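Enquirer: Hey, dropping target_10.pdb in here, PDB, C-alpha atoms:
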```pdb
ATOM      1  CA  MET A 173       0.000   0.000   0.000  1.00  0.00           C
ATOM      2  CA  MET A 174       2.792   2.428   0.988  1.00  0.00           C
ATOM      3  CA  ARG A 175       4.723   1.594  -2.180  1.00  0.00           C
ATOM      4  CA  ALA A 176       1.625   2.224  -4.302  1.00  0.00           C
ATOM      5  CA  ALA A 177       1.075   5.602  -2.635  1.00  0.00           C
ATOM      6  CA  LEU A 178       4.685   6.559  -3.294  1.00  0.00           C
ATOM      7  CA  ALA A 179       4.436   5.460  -6.921  1.00  0.00           C
ATOM      8  CA  LEU A 180       1.310   7.574  -7.304  1.00  0.00           C
ATOM      9  CA  ALA A 181       3.038  10.569  -5.706  1.00  0.00           C
ATOM     10  CA  LEU A 182       5.955  10.169  -8.103  1.00  0.00           C
ATOM     11  CA  ALA A 183       3.639   9.873 -11.092  1.00  0.00           C
ATOM     12  CA  LEU A 184       1.652  12.949 -10.121  1.00  0.00           C
ATOM     13  CA  THR A 185       4.753  15.090  -9.698  1.00  0.00           C
ATOM     14  CA  SER A 186       6.561  13.966 -12.815  1.00  0.00           C
ATOM     15  CA  THR A 187       7.297  16.155 -15.761  1.00  0.00           C
ATOM     16  CA  GLY A 188       8.576  14.705 -18.989  1.00  0.00           C
ATOM     17  CA  GLY A 189       9.158  11.317 -17.401  1.00  0.00           C
ATOM     18  CA  MET A 190      11.313  12.676 -14.582  1.00  0.00           C
ATOM     19  CA  ALA A 191       9.857  13.245 -11.121  1.00  0.00           C
ATOM     20  CA  SER A 192      10.186  16.817  -9.913  1.00  0.00           C
ATOM     21  CA  GLU A 193       9.595  15.659  -6.347  1.00  0.00           C
ATOM     22  CA  ILE A 194      10.367  12.395  -4.569  1.00  0.00           C
ATOM     23  CA  ALA A 195       8.809  11.708  -1.190  1.00  0.00           C
ATOM     24  CA  GLY A 196       8.891   8.928   1.347  1.00  0.00           C
ATOM     25  CA  LYS A 197      10.937   7.286   4.072  1.00  0.00           C
ATOM     26  CA  ALA A 198      14.623   7.906   3.397  1.00  0.00           C
ATOM     27  CA  THR A 199      17.567   5.680   4.201  1.00  0.00           C
ATOM     28  CA  VAL A 200      21.200   6.734   4.130  1.00  0.00           C
ATOM     29  CA  PHE A 201      23.335   5.348   1.308  1.00  0.00           C
ATOM     30  CA  ASP A 202      26.537   7.276   2.099  1.00  0.00           C
ATOM     31  CA  SER A 203      27.654  10.620   3.502  1.00  0.00           C
ATOM     32  CA  THR A 204      25.990  12.667   0.734  1.00  0.00           C
ATOM     33  CA  THR A 205      23.358  10.319  -0.666  1.00  0.00           C
ATOM     34  CA  ILE A 206      20.005   9.131   0.600  1.00  0.00           C
ATOM     35  CA  GLU A 207      17.616   6.653  -0.965  1.00  0.00           C
ATOM     36  CA  ILE A 208      13.835   6.762  -1.186  1.00  0.00           C
ATOM     37  CA  ASP A 209      12.109   3.681  -2.578  1.00  0.00           C
ATOM     38  CA  GLY A 210      15.184   2.675  -4.571  1.00  0.00           C
ATOM     39  CA  GLN A 211      15.888   6.159  -5.967  1.00  0.00           C
ATOM     40  CA  ARG A 212      19.286   7.514  -4.904  1.00  0.00           C
ATOM     41  CA  ILE A 213      19.329  11.223  -4.218  1.00  0.00           C
ATOM     42  CA  MET A 214      22.570  13.157  -3.802  1.00  0.00           C
ATOM     43  CA  LEU A 215      22.038  16.141  -1.546  1.00  0.00           C
ATOM     44  CA  PHE A 216      22.288  19.281  -3.671  1.00  0.00           C
ATOM     45  CA  GLY A 217      24.647  22.067  -2.654  1.00  0.00           C
ATOM     46  CA  ILE A 218      26.643  20.096  -0.110  1.00  0.00           C
ATOM     47  CA  ASP A 219      29.729  17.897   0.096  1.00  0.00           C
ATOM     48  CA  SER A 220      30.833  15.572   2.857  1.00  0.00           C
ATOM     49  CA  ILE A 221      33.724  13.444   3.905  1.00  0.00           C
ATOM     50  CA  MET A 222      34.677  10.434   1.788  1.00  0.00           C
ATOM     51  CA  ARG A 223      34.648   6.900   3.203  1.00  0.00           C
ATOM     52  CA  LYS A 224      38.439   6.502   2.968  1.00  0.00           C
ATOM     53  CA  GLN A 225      39.276   9.933   4.379  1.00  0.00           C
ATOM     54  CA  SER A 226      40.936  10.387   7.743  1.00  0.00           C
ATOM     55  CA  CYS A 227      40.204  13.198  10.153  1.00  0.00           C
ATOM     56  CA  MET A 228      42.159  14.297  13.201  1.00  0.00           C
ATOM     57  CA  ALA A 229      40.798  15.487  16.542  1.00  0.00           C
ATOM     58  CA  ASN A 230      42.854  16.038  19.666  1.00  0.00           C
ATOM     59  CA  GLY A 231      45.913  14.656  17.876  1.00  0.00           C
ATOM     60  CA  LYS A 232      44.208  11.352  17.043  1.00  0.00           C
ATOM     61  CA  VAL A 233      42.557   9.886  13.979  1.00  0.00           C
ATOM     62  CA  TRP A 234      38.796   9.639  14.423  1.00  0.00           C
ATOM     63  CA  PRO A 235      36.159   7.935  12.256  1.00  0.00           C
ATOM     64  CA  CYS A 236      34.674  11.094  10.745  1.00  0.00           C
ATOM     65  CA  TRP A 237      32.941   9.357   7.814  1.00  0.00           C
ATOM     66  CA  GLU A 238      31.094   7.066  10.209  1.00  0.00           C
ATOM     67  CA  ALA A 239      30.165  10.073  12.375  1.00  0.00           C
ATOM     68  CA  ALA A 240      28.858  11.949   9.320  1.00  0.00           C
ATOM     69  CA  VAL A 241      26.760   8.974   8.216  1.00  0.00           C
ATOM     70  CA  ARG A 242      25.362   8.559  11.756  1.00  0.00           C
ATOM     71  CA  ASP A 243      24.374  12.230  11.837  1.00  0.00           C
ATOM     72  CA  LEU A 244      22.628  11.920   8.469  1.00  0.00           C
ATOM     73  CA  GLN A 245      20.854   8.751   9.695  1.00  0.00           C
ATOM     74  CA  THR A 246      19.654  10.645  12.771  1.00  0.00           C
ATOM     75  CA  LEU A 247      18.332  13.464  10.590  1.00  0.00           C
ATOM     76  CA  VAL A 248      16.436  11.181   8.180  1.00  0.00           C
ATOM     77  CA  SER A 249      14.975   9.152  11.046  1.00  0.00           C
ATOM     78  CA  GLN A 250      12.912  12.176  12.115  1.00  0.00           C
ATOM     79  CA  GLY A 251      10.230  11.710   9.453  1.00  0.00           C
ATOM     80  CA  ALA A 252       9.450  11.222   5.792  1.00  0.00           C
ATOM     81  CA  ALA A 253      11.565  13.180   3.332  1.00  0.00           C
ATOM     82  CA  THR A 254      10.343  15.315   0.470  1.00  0.00           C
ATOM     83  CA  CYS A 255      13.022  16.047  -2.115  1.00  0.00           C
ATOM     84  CA  GLU A 256      12.773  18.562  -4.929  1.00  0.00           C
ATOM     85  CA  VAL A 257      14.750  17.172  -7.869  1.00  0.00           C
ATOM     86  CA  VAL A 258      17.326  19.631  -9.191  1.00  0.00           C
ATOM     87  CA  GLY A 259      18.475  18.921 -12.766  1.00  0.00           C
ATOM     88  CA  GLU A 260      18.732  15.694 -14.729  1.00  0.00           C
ATOM     89  CA  SER A 261      19.759  12.311 -13.385  1.00  0.00           C
ATOM     90  CA  ASP A 262      23.331  11.153 -13.938  1.00  0.00           C
ATOM     91  CA  PRO A 263      24.363   8.030 -15.928  1.00  0.00           C
ATOM     92  CA  TYR A 264      23.921   5.957 -12.740  1.00  0.00           C
ATOM     93  CA  GLY A 265      20.337   7.124 -12.198  1.00  0.00           C
ATOM     94  CA  ARG A 266      21.148   9.370  -9.236  1.00  0.00           C
ATOM     95  CA  VAL A 267      19.462  12.746  -8.970  1.00  0.00           C
ATOM     96  CA  LEU A 268      20.383  15.875  -7.059  1.00  0.00           C
ATOM     97  CA  GLY A 269      17.820  16.975  -4.528  1.00  0.00           C
ATOM     98  CA  ARG A 270      16.929  19.664  -2.038  1.00  0.00           C
ATOM     99  CA  CYS A 271      15.306  17.653   0.709  1.00  0.00           C
ATOM    100  CA  LYS A 272      13.108  18.516   3.662  1.00  0.00           C
ATOM    101  CA  ILE A 273      12.042  16.523   6.673  1.00  0.00           C
ATOM    102  CA  ASN A 274       9.184  17.921   8.751  1.00  0.00           C
ATOM    103  CA  GLY A 275       9.524  21.212   6.834  1.00  0.00           C
ATOM    104  CA  THR A 276      13.215  21.632   7.711  1.00  0.00           C
ATOM    105  CA  SER A 277      15.937  21.566   5.055  1.00  0.00           C
ATOM    106  CA  LEU A 278      17.886  18.319   5.434  1.00  0.00           C
ATOM    107  CA  ASN A 279      20.732  19.704   3.314  1.00  0.00           C
ATOM    108  CA  GLU A 280      21.104  22.824   5.467  1.00  0.00           C
ATOM    109  CA  GLN A 281      20.752  21.021   8.797  1.00  0.00           C
ATOM    110  CA  TYR A 282      23.444  18.503   7.833  1.00  0.00           C
ATOM    111  CA  VAL A 283      25.808  21.407   7.062  1.00  0.00           C
ATOM    112  CA  ARG A 284      24.736  23.205  10.263  1.00  0.00           C
ATOM    113  CA  ASP A 285      25.567  20.033  12.251  1.00  0.00           C
ATOM    114  CA  GLY A 286      29.087  20.325  10.859  1.00  0.00           C
ATOM    115  CA  TYR A 287      29.178  17.076   8.886  1.00  0.00           C
ATOM    116  CA  ALA A 288      28.889  18.579   5.406  1.00  0.00           C
ATOM    117  CA  LEU A 289      30.379  21.568   3.629  1.00  0.00           C
ATOM    118  CA  ALA A 290      28.616  24.028   1.379  1.00  0.00           C
ATOM    119  CA  ARG A 291      29.280  23.155  -2.280  1.00  0.00           C
ATOM    120  CA  ARG A 292      29.660  26.714  -3.520  1.00  0.00           C
ATOM    121  CA  SER A 293      29.895  25.612  -7.165  1.00  0.00           C
ATOM    122  CA  GLU A 294      26.206  24.595  -6.938  1.00  0.00           C
ATOM    123  CA  THR A 295      24.730  27.184  -4.573  1.00  0.00           C
ATOM    124  CA  THR A 296      25.620  29.602  -1.792  1.00  0.00           C
ATOM    125  CA  ASP A 297      22.499  28.615   0.191  1.00  0.00           C
ATOM    126  CA  TYR A 298      24.457  26.730   2.847  1.00  0.00           C
ATOM    127  CA  VAL A 299      27.497  28.989   3.309  1.00  0.00           C
ATOM    128  CA  ALA A 300      26.106  30.626   6.472  1.00  0.00           C
ATOM    129  CA  ALA A 301      25.300  27.215   8.011  1.00  0.00           C
ATOM    130  CA  GLU A 302      28.867  26.086   7.292  1.00  0.00           C
ATOM    131  CA  ALA A 303      30.302  29.224   8.906  1.00  0.00           C
ATOM    132  CA  GLU A 304      28.100  28.621  11.959  1.00  0.00           C
ATOM    133  CA  ALA A 305      29.313  25.013  12.372  1.00  0.00           C
ATOM    134  CA  LYS A 306      32.932  26.032  11.803  1.00  0.00           C
ATOM    135  CA  GLY A 307      32.617  28.789  14.398  1.00  0.00           C
ATOM    136  CA  LYS A 308      31.171  26.354  16.948  1.00  0.00           C
ATOM    137  CA  LYS A 309      33.854  23.746  16.102  1.00  0.00           C
ATOM    138  CA  ILE A 310      31.283  20.972  15.748  1.00  0.00           C
ATOM    139  CA  GLY A 311      31.111  17.946  13.493  1.00  0.00           C
ATOM    140  CA  LEU A 312      34.071  17.796  11.136  1.00  0.00           C
ATOM    141  CA  TRP A 313      35.170  21.220  12.383  1.00  0.00           C
ATOM    142  CA  GLN A 314      36.101  19.831  15.829  1.00  0.00           C
ATOM    143  CA  GLY A 315      39.422  18.799  14.326  1.00  0.00           C
ATOM    144  CA  GLN A 316      41.347  18.831  11.072  1.00  0.00           C
ATOM    145  CA  PHE A 317      40.264  17.350   7.763  1.00  0.00           C
ATOM    146  CA  MET A 318      40.941  17.807   4.078  1.00  0.00           C
ATOM    147  CA  ALA A 319      38.090  19.248   2.040  1.00  0.00           C
ATOM    148  CA  PRO A 320      36.377  16.296   0.323  1.00  0.00           C
ATOM    149  CA  SER A 321      36.887  17.865  -3.125  1.00  0.00           C
ATOM    150  CA  GLU A 322      40.631  18.186  -2.446  1.00  0.00           C
ATOM    151  CA  PHE A 323      40.775  14.600  -1.149  1.00  0.00           C
ATOM    152  CA  ARG A 324      39.072  13.315  -4.314  1.00  0.00           C
ATOM    153  CA  MET A 325      41.403  15.318  -6.528  1.00  0.00           C
ATOM    154  CA  LYS A 326      44.540  14.037  -4.753  1.00  0.00           C
ATOM    155  CA  ALA A 327      43.215  10.459  -4.755  1.00  0.00           C
ATOM    156  CA  GLY A 328      42.252  10.607  -8.450  1.00  0.00           C
ATOM    157  CA  ILE A 329      38.590  10.054  -7.601  1.00  0.00           C
ATOM    158  CA  PHE A 330      36.048  11.693  -9.851  1.00  0.00           C
ATOM    159  CA  VAL A 331      32.515  11.936  -8.553  1.00  0.00           C
ATOM    160  CA  GLU A 332      30.178  13.007 -11.314  1.00  0.00           C
ATOM    161  CA  ARG A 333      27.300  15.247 -10.317  1.00  0.00           C
ATOM    162  CA  PRO A 334      24.264  15.494 -12.568  1.00  0.00           C
TER
END
```
Please go through the file and, once you have read it, give me the structure as structure tokens.
Expert:
Amino acid sequence: MMRAALALALALTSTGGMASEIAGKATVFDSTTIEIDGQRIMLFGIDSIMRKQSCMANGKVWPCWEAAVRDLQTLVSQGAATCEVVGESDPYGRVLGRCKINGTSLNEQYVRDGYALARRSETTDYVAAEAEAKGKKIGLWQGQFMAPSEFRMKAGIFVERP
């Protein structure tokens, strides 16, 4: 029944074969991607730590990727997500989305918690939230880390965004 309701919601919001809004219970796929009913949604305007990255806090390595994923899991556990699709899907079927849970921006809250950075090449919407987290030294900002984009570049990893 729930799956049928979601399918109907997707059909009603689609334009040209692509849904403009995806809604339902979200699960976390990785530090920047959630999934709703099999559709992977990369969070628009943000970037987060890569699985193989190391972070330092108090002179010690700490599992920052795991902490980021846990924070995102906590955020999505607070209710159903509604994601506005931004742009076309990529070759892997992923879409970019601005998501809300209980009327609150998931993208912005994740940055405000300190576990994601504003992706200024996509939008400046989350720059203030990043500055707030950095100022409070929370999340990734409690220690030292390499910007995910720099880590990917140095590691030869290319992550295609739609």
Enquirer: Would you please work out which residue, of A:Met325, A:Met214, A:Ala252, A:Ile206, is nearest to A:Arg266 when using only C-alpha atoms?
Expert: A:Met214
Enquirer: For a test of reading the model, state the distance in Å between atom CA of A:Lys224 and atom CA of A:Leu289, rounded to one decimal.
Expert: 17.1 Å
Enquirer: As a check of understanding, name the residues that the PyMOL selection byres ((chain A and resi 276) around 12) selects in the supplied structure, as a PyMOL selection string.
Expert: chain A and resi 247-248+250-255+270-275+277-282+284
Enquirer: Please, what distance in Å, to one decimal, runs between atom CA of A:Arg242 and atom CA of A:Lys326?
Expert: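 Separation between atom CA of A:Arg242 and atom CA of A:Lys326: 25.9 Å.
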Enquirer: What's the separation between atom CA of A:Ala319 and atom CA of A:Lys197, in Å to one decimal place?
Expert: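 That distance, rounded to one decimal, is 29.7 Å.
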Enquirer: Determine the nearest neighbour of A:Gln314 from the options A:Leu215, A:Ile221, A:Val200, A:Cys236, counting all atoms listed in the file.
Expert: A:Cys236
Enquirer: I'd like the neighbourhood of A:Val258 as a ChimeraX atom specification, where a residue qualifies if any of its atoms comes within 8 Å (using all atoms listed in the file), though same-chain residues fewer than 2 positions away should be ignored.
Expert: /A:192,216,256,260,267-270
Enquirer: Using all atoms listed in the file, which residues sit within 8 Å of A:Gln225 once same-chain residues fewer than 2 positions away are excluded, as a PyMOL selection string?
Expert: chain A and resi 221-223+227+236-237+323
Enquirer: Using all atoms listed in the file, which residues sit within 8 Å of A:Ala288 once same-chain residues fewer than 2 positions away are excluded, as a list in words?
Expert: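 Residues meeting the cut-off are Ile218, Asp219, Ser220, Ile221, Ala240, Tyr282, Val283, Arg284, Asp285, Gly286, Ala290, Glu302 and Leu312 of chain A.
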Enquirer: When distances are computed from all atoms listed in the file, which of A:Ile329, A:Leu244, A:Val233, A:Met228 shows the smallest separation from A:Ser203?
Expert: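 Selected residue with least distance to A:Ser203: A:Leu244.
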Enquirer: Calculated over only C-alpha atoms, which of the candidates A:Ala327, A:Val241, A:Ala229, A:Val257 has the smallest distance to A:Ile310?
Expert: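 For A:Ile310, the nearest of the given residues is A:Ala229.
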Enquirer: Let me make sure I understand: among A:Tyr287, A:Tyr264, A:Phe317, A:Tyr298, which one has the smallest atom-to-atom distance to A:Arg212 if we use all atoms listed in the file?
Expert: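 For A:Arg212, the nearest of the candidates is A:Tyr264.
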